[in-house]
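Participant: Structure file work26.txt (compact mmCIF, C-alpha atoms) right here:
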# COMPACT_ATOMS: atom_id res chain seq x y z
CA MET A 1 2.33 -9.90 20.48
CA PRO A 2 -1.31 -8.89 19.99
CA LYS A 3 -2.98 -10.50 17.01
CA LEU A 4 -6.63 -10.49 16.03
CA LYS A 5 -7.80 -13.80 14.61
CA LEU A 6 -10.31 -13.44 11.79
CA HIS A 7 -11.51 -16.66 10.22
CA ASP A 8 -8.30 -18.23 8.90
CA VAL A 9 -5.96 -15.23 9.22
CA GLU A 10 -4.33 -13.20 11.97
CA ILE A 11 -3.87 -9.42 11.92
CA TYR A 12 -1.05 -7.99 14.01
CA TYR A 13 -1.84 -4.69 15.75
CA GLU A 14 -0.68 -2.35 18.48
CA ASP A 15 -2.42 0.38 20.42
CA HIS A 16 -0.59 3.14 22.29
CA GLY A 17 -1.79 5.84 24.66
CA ARG A 18 -5.21 6.84 25.97
CA GLY A 19 -7.87 9.21 24.68
CA PRO A 20 -9.87 9.58 21.46
CA ALA A 21 -8.93 6.88 18.97
CA MET A 22 -6.68 7.55 15.97
CA VAL A 23 -6.04 4.92 13.32
CA PHE A 24 -2.96 5.23 11.08
CA LEU A 25 -2.98 3.34 7.78
CA SER A 26 0.25 2.82 5.86
CA GLU A 27 1.23 3.09 2.20
CA THR A 28 1.33 0.22 -0.28
CA ALA A 29 2.60 -3.08 1.18
CA CYS A 30 3.99 -1.30 4.24
CA ASP A 31 3.49 -2.59 7.76
CA GLY A 32 2.65 -0.41 10.76
CA GLU A 33 6.18 -0.12 12.15
CA VAL A 34 6.96 3.11 10.26
CA TRP A 35 4.37 5.03 12.31
CA LYS A 36 6.38 4.32 15.47
CA ILE A 37 9.22 6.58 14.26
CA TYR A 38 7.32 9.87 14.76
CA GLN A 39 3.52 9.56 14.74
CA VAL A 40 2.97 7.12 17.62
CA PRO A 41 5.19 9.12 20.03
CA GLU A 42 3.45 12.37 19.07
CA PHE A 43 -0.20 11.43 19.03
CA SER A 44 -0.20 8.83 21.80
CA LYS A 45 0.37 11.72 24.21
CA ASP A 46 -3.36 12.42 24.11
CA HIS A 47 -4.92 9.78 21.85
CA LYS A 48 -5.32 6.03 21.65
CA VAL A 49 -3.19 5.38 18.56
CA ILE A 50 -3.92 2.19 16.64
CA ILE A 51 -1.57 0.74 14.05
CA HIS A 52 -1.60 -2.64 12.35
CA ASP A 53 0.08 -4.71 9.68
CA TYR A 54 -2.02 -5.20 6.57
CA LEU A 55 -2.66 -8.76 5.50
CA GLY A 56 0.45 -9.87 3.61
CA THR A 57 2.82 -7.58 5.54
CA GLY A 58 4.80 -7.52 8.77
CA GLN A 59 3.60 -9.96 11.40
CA SER A 60 0.14 -10.54 9.91
CA SER A 61 -0.81 -13.65 7.96
CA LYS A 62 0.19 -13.91 4.31
CA PRO A 63 -2.43 -15.91 2.43
CA SER A 64 -2.22 -16.15 -1.35
CA ILE A 65 -5.64 -14.65 -2.05
CA ASP A 66 -6.95 -11.59 -3.86
CA TYR A 67 -6.40 -8.42 -1.81
CA THR A 68 -8.64 -5.36 -2.12
CA THR A 69 -9.09 -2.12 -0.22
CA LYS A 70 -12.53 -3.37 0.80
CA LEU A 71 -10.91 -6.42 2.41
CA PHE A 72 -8.46 -4.19 4.27
CA THR A 73 -11.42 -2.05 5.38
CA GLU A 74 -13.16 -5.06 6.88
CA HIS A 75 -10.03 -5.86 8.86
CA VAL A 76 -9.87 -2.32 10.28
CA ILE A 77 -13.52 -2.50 11.34
CA ALA A 78 -12.93 -5.86 13.01
CA LEU A 79 -9.96 -4.36 14.82
CA LEU A 80 -12.03 -1.40 16.05
CA ASP A 81 -14.70 -3.81 17.26
CA HIS A 82 -12.09 -5.90 19.03
CA LEU A 83 -10.73 -2.82 20.81
CA ASP A 84 -14.23 -1.51 21.66
CA VAL A 85 -13.66 1.67 19.64
CA THR A 86 -16.91 3.31 18.56
CA ASP A 87 -15.37 5.81 16.16
CA ALA A 88 -11.94 7.12 15.29
CA ILE A 89 -9.97 9.78 13.51
CA VAL A 90 -8.56 7.91 10.52
CA VAL A 91 -5.25 8.94 8.96
CA GLY A 92 -4.39 7.22 5.69
CA HIS A 93 -1.16 7.72 3.75
CA SER A 94 -1.02 6.80 0.06
CA MET A 95 -2.78 3.42 -0.28
CA GLY A 96 -3.81 3.84 3.34
CA GLY A 97 -5.79 6.86 2.19
CA ARG A 98 -7.69 4.65 -0.21
CA VAL A 99 -8.58 2.30 2.62
CA ALA A 100 -9.56 5.35 4.70
CA GLN A 101 -11.94 6.54 1.97
CA GLN A 102 -13.54 3.10 1.83
CA LEU A 103 -13.98 3.18 5.60
CA ALA A 104 -15.61 6.62 5.51
CA LEU A 105 -18.00 5.51 2.78
CA ASP A 106 -18.93 2.02 3.94
CA TYR A 107 -18.85 2.69 7.71
CA PRO A 108 -19.48 6.42 8.07
CA GLN A 109 -20.49 6.14 11.73
CA ARG A 110 -17.07 4.71 12.59
CA VAL A 111 -15.04 7.59 11.10
CA LYS A 112 -15.13 10.80 13.12
CA LYS A 113 -12.67 12.76 10.98
CA LEU A 114 -10.62 11.82 7.95
CA VAL A 115 -7.04 12.67 7.00
CA LEU A 116 -6.12 11.75 3.43
CA ALA A 117 -2.40 12.13 2.88
CA SER A 118 -0.91 11.90 -0.63
CA THR A 119 -3.57 9.56 -1.90
CA GLY A 120 -6.20 9.29 -4.61
CA ALA A 121 -9.61 7.98 -5.52
CA HIS A 122 -8.66 5.85 -8.53
CA PHE A 123 -6.35 5.11 -11.41
CA PRO A 124 -8.53 5.79 -14.45
CA LEU A 125 -6.61 3.62 -16.91
CA THR A 126 -4.15 1.27 -15.18
CA LYS A 127 -6.07 -1.37 -13.23
CA GLY A 128 -3.44 -4.10 -13.38
CA LEU A 129 0.26 -4.04 -12.62
CA PRO A 130 1.81 -0.79 -13.92
CA LEU A 131 4.36 -1.45 -16.67
CA LYS A 132 6.87 1.12 -15.37
CA ILE A 133 6.97 -0.46 -11.91
CA MET A 134 7.26 -3.98 -13.32
CA LYS A 135 10.08 -3.00 -15.69
CA GLU A 136 12.13 -1.34 -12.96
CA MET A 137 11.51 -4.14 -10.48
CA ILE A 138 12.67 -6.79 -12.97
CA GLU A 139 15.72 -4.78 -14.00
CA TRP A 140 16.80 -3.70 -10.52
CA GLY A 141 15.54 -6.57 -8.39
CA TYR A 142 12.76 -6.28 -5.82
CA GLU A 143 14.69 -5.06 -2.79
CA LYS A 144 16.75 -2.52 -4.72
CA TYR A 145 13.62 -1.27 -6.47
CA GLU A 146 11.77 -0.81 -3.18
CA ARG A 147 14.67 1.07 -1.65
CA GLU A 148 15.49 3.30 -4.64
CA HIS A 149 11.84 3.98 -5.47
CA THR A 150 11.12 4.93 -1.86
CA ILE A 151 13.93 7.49 -1.95
CA LEU A 152 13.01 8.90 -5.37
CA VAL A 153 9.32 9.28 -4.59
CA GLY A 154 9.72 10.17 -0.94
CA TRP A 155 12.16 13.05 -0.75
CA THR A 156 13.61 15.93 -2.73
CA GLU A 157 17.20 15.75 -3.99
CA GLU A 158 18.12 18.48 -1.53
CA PHE A 159 16.76 16.52 1.43
CA VAL A 160 18.50 13.33 0.28
CA LYS A 161 21.86 15.11 0.17
CA LYS A 162 21.37 16.98 3.43
CA TYR A 163 19.88 14.26 5.66
CA PRO A 164 21.12 10.81 4.52
CA GLU A 165 21.05 9.54 8.11
CA LYS A 166 17.32 10.30 8.48
CA ILE A 167 16.56 8.46 5.25
CA GLU A 168 18.70 5.51 6.27
CA HIS A 169 16.91 5.30 9.63
CA TYR A 170 13.53 5.24 7.90
CA LEU A 171 14.70 2.64 5.38
CA GLN A 172 16.01 0.39 8.13
CA VAL A 173 12.53 0.33 9.65
CA ARG A 174 10.76 0.10 6.29
CA MET A 175 12.95 -2.69 4.89
CA ARG A 176 13.30 -4.74 8.09
CA ASN A 177 10.07 -6.63 7.47
CA LEU A 178 9.80 -6.13 3.73
CA CYS A 179 7.02 -8.43 2.58
CA PRO A 180 7.74 -11.16 0.00
CA VAL A 181 7.40 -9.92 -3.56
CA GLU A 182 4.16 -11.89 -4.10
CA PHE A 183 2.40 -9.81 -1.48
CA TYR A 184 3.83 -6.53 -2.73
CA LEU A 185 2.25 -7.38 -6.09
CA ARG A 186 -1.04 -8.35 -4.46
CA HIS A 187 -1.08 -5.00 -2.65
CA LEU A 188 -0.26 -3.22 -5.88
CA LEU A 189 -3.23 -4.87 -7.58
CA ALA A 190 -5.45 -3.79 -4.66
CA ARG A 191 -4.23 -0.21 -4.98
CA GLN A 192 -4.66 -0.04 -8.74
CA GLY A 193 -8.10 -1.64 -8.56
CA HIS A 194 -9.43 0.79 -5.95
CA ASP A 195 -12.07 3.23 -7.23
CA THR A 196 -14.11 5.60 -5.08
CA SER A 197 -14.09 8.37 -7.70
CA GLN A 198 -17.86 8.30 -8.21
CA ARG A 199 -18.60 8.29 -4.48
CA LEU A 200 -16.46 11.15 -3.20
CA GLN A 201 -19.47 13.42 -2.76
CA ASP A 202 -20.81 10.89 -0.24
CA ILE A 203 -17.85 11.39 2.12
CA LYS A 204 -19.52 13.66 4.68
CA GLN A 205 -16.91 13.60 7.43
CA PRO A 206 -14.67 16.64 7.91
CA THR A 207 -11.66 15.80 5.77
CA LEU A 208 -8.09 17.08 5.76
CA ILE A 209 -6.24 16.47 2.50
CA ILE A 210 -2.43 16.72 2.64
CA VAL A 211 0.04 16.53 -0.23
CA GLY A 212 3.66 17.42 -0.82
CA GLU A 213 4.26 20.32 -3.19
CA ASP A 214 6.57 18.16 -5.34
CA ASP A 215 4.70 14.83 -5.04
CA ARG A 216 4.56 14.43 -8.83
CA ASN A 217 6.24 11.07 -9.56
CA MET A 218 4.38 9.12 -12.24
CA THR A 219 4.14 5.34 -11.94
CA SER A 220 0.81 5.22 -13.76
CA GLU A 221 -1.17 7.84 -15.65
CA ILE A 222 -1.80 10.03 -12.62
CA ASN A 223 0.35 11.37 -9.77
CA HIS A 224 -0.50 12.41 -6.22
CA ARG A 225 -0.82 16.10 -7.00
CA MET A 226 -3.31 15.30 -9.75
CA SER A 227 -5.15 12.86 -7.49
CA THR A 228 -5.33 15.51 -4.77
CA GLU A 229 -7.14 17.86 -7.14
CA ILE A 230 -9.74 15.16 -7.78
CA LEU A 231 -10.23 14.67 -4.04
CA THR A 232 -10.57 18.38 -3.29
CA ARG A 233 -13.14 18.80 -6.06
CA GLY A 234 -15.11 15.73 -5.02
CA ILE A 235 -15.23 15.71 -1.21
CA PRO A 236 -17.65 18.36 0.08
CA ASN A 237 -16.26 19.23 3.51
CA ASN A 238 -12.51 19.32 2.98
CA LYS A 239 -9.48 21.44 3.74
CA CYS A 240 -6.34 20.99 1.61
CA VAL A 241 -2.81 21.61 2.88
CA VAL A 242 0.15 21.59 0.46
CA LEU A 243 3.47 21.13 2.23
CA LYS A 244 6.22 23.16 0.55
CA ASN A 245 9.43 21.48 -0.61
CA GLU A 246 8.03 18.04 0.16
CA ARG A 247 7.37 14.93 -1.90
CA HIS A 248 5.63 11.79 -0.66
CA SER A 249 7.23 11.00 2.70
CA TYR A 250 6.76 14.21 4.70
CA PHE A 251 5.54 12.18 7.69
CA PHE A 252 9.20 11.24 8.06
CA SER A 253 11.08 14.21 6.56
CA ASN A 254 8.97 16.98 8.07
CA PRO A 255 6.85 15.38 10.79
CA ASP A 256 6.45 18.61 12.78
CA GLU A 257 4.70 20.34 9.88
CA ALA A 258 2.52 17.34 9.11
CA HIS A 259 1.61 16.97 12.79
CA ARG A 260 0.84 20.68 13.06
CA ALA A 261 -1.63 20.43 10.18
CA ILE A 262 -3.31 17.38 11.70
CA ARG A 263 -3.51 18.85 15.19
CA GLU A 264 -5.03 22.06 13.88
CA PHE A 265 -7.60 19.98 12.02
CA ILE A 266 -8.59 17.69 14.92
CA LYS A 267 -8.52 20.20 17.78
CA ASP A 268 -12.27 20.92 17.80
Spit out the file's structure as structure tokens when you get a sec.

Facilitator:
Amino acid sequence: MPKLKLHDVEIYYEDHGRGPAMVFLSETACDGEVWKIYQVPEFSKDHKVIIHDYLGTGQSSKPSIDYTTKLFTEHVIALLDHLDVTDAIVVGHSMGGRVAQQLALDYPQRVKKLVLASTGAHFPLTKGLPLKIMKEMIEWGYEKYEREHTILVGWTEEFVKKYPEKIEHYLQVRMRNLCPVEFYLRHLLARQGHDTSQRLQDIKQPTLIIVGEDDRNMTSEINHRMSTEILTRGIPNNKCVVLKNERHSYFFSNPDEAHRAIREFIKD
């Protein structure tokens, strides 16, 4: 099992395929396994696809320290160095999109193109643990919350009724290595504390912004549709694609459409 040792921690990673490098960055407190359902098989046909487990998730180390998107960025750069990758197309989903923004800003020469999927630049008001999430997690229990919240945020009611087997397959992968609750909370603090809102104009890489038409769930004061508007106004060289009848997890409910948008964007 490939692990990159950095100081006192180890970061688990995998790379698949050959060609220009693509890095896929997962949502909050989610390891890299979910990308192997659809994205690794698709893009490893003609790219070197790199996935990894964030610190605190999956097979990576789980130190009880403060986590930030800048820390996660440093780990990605170390991984690229380790794999002798000069630059990469970076695809970030949800919190992964926040890490991707940080990469594009702090290491612009390492990011060839940027795909920001259902993500945002900041939470203007809620920098700590969101009350709504904490209330539901305490009332439901951590594992039930993670499962039910993933379904609610991820897919429309119509999709849930029509394709329960697809959702169950995703959840089996997602929940198999569910991180301990401490590290979910540490990731949540990293997500809420992220703020690139005043630097968006400095993202010069060609950027594809993707969001589901119905990605409107509110856990803080701002949802992904609202955050997408901030990104499209702030990043100079961007193209925005809104996927119809989708919420947050279109990489797994409608991968063909998401892949089509990405392939159109990266073809030149």

Participant: Which residues come within 12 Å of stretch 220-228 of chain A, counting all atoms listed in the file, excluding same-chain residues fewer than 2 positions away, as a ChimeraX atom specification?

Facilitator: /A:93-95,97-98,116-134,153-154,188,191-192,195-197,208-218,230-235,238-243,246-249

Participant: Which is closer to A:Gln39 than all the others in A:His259, A:Lys267, A:Lys204, A:His7, using all atoms listed in the file?

Facilitator: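 Under the stated criterion, the closest residue is A:His259.
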
Participant: Per residue of stretch 89-165 of chain A within 10 Å of stretch 56-71 of chain A, record the nearest atom pair and its distance in Å to one decimal, counting only C-alpha atoms, with rows in chain order and ascending residue number, as CSV.

Facilitator:
residue,atom,partner,partner_atom,distance
A:Met95,CA,A:Thr69,CA,8.4
A:Gly96,CA,A:Thr69,CA,8.7
A:Gly97,CA,A:Thr69,CA,9.9
A:Arg98,CA,A:Thr69,CA,6.9
A:Val99,CA,A:Thr69,CA,5.3
A:Ala100,CA,A:Thr69,CA,9.0
A:Gln101,CA,A:Thr69,CA,9.4
A:Gln102,CA,A:Lys70,CA,6.6
A:Leu103,CA,A:Lys70,CA,8.2
A:Asp106,CA,A:Lys70,CA,8.9

Participant: Around stretch 201-212 of chain A, with edges along x, y and z and 5 Å added on all six sides, what centre and edge lengths do you get, in Å to one decimal, as AutoDock Vina command-line options?

Facilitator:
--center_x -8.6 --center_y 14.2 --center_z 2.6 --size_x 34.5 --size_y 16.5 --size_z 20.7

Participant: What is the distance between atom CA of A:Cys30 and atom CA of A:Tyr13, in Å to one decimal?

Facilitator: 13.3 Å

Participant: Which is closer to A:Glu182 than all the others in A:Tyr250, A:Tyr145, A:Phe43, A:Ala29, using only C-alpha atoms?

Facilitator: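 Counting only C-alpha atoms, the residue closest to A:Glu182 is A:Ala29.
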
Participant: Do you have the atom CA of A:Phe24-atom CA of A:His169 distance handy?

Facilitator: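 Rounded to one decimal, the two atoms are 19.9 Å apart.
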
Participant: Just to confirm, what's the straight-line distance from atom CA of A:Gln172 to atom CA of A:Leu185 in Å (one decimal)?

Facilitator: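 We find that atom CA of A:Gln172 and atom CA of A:Leu185 lie 21.3 Å from each other.
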
Participant: Taking only C-alpha atoms into account, name the residue in A:His149, A:Ala104, A:Lys162, A:Phe265 that is nearest to A:Leu200.

Facilitator: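 Result for the nearest residue to A:Leu200: A:Ala104.
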
Participant: I'd like to know which of A:Glu168, A:His47, A:Met137, A:Ile77 is closest to A:Tyr184, using all atoms listed in the file.

Facilitator: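 That would be A:Met137, the residue with the smallest distance to A:Tyr184.
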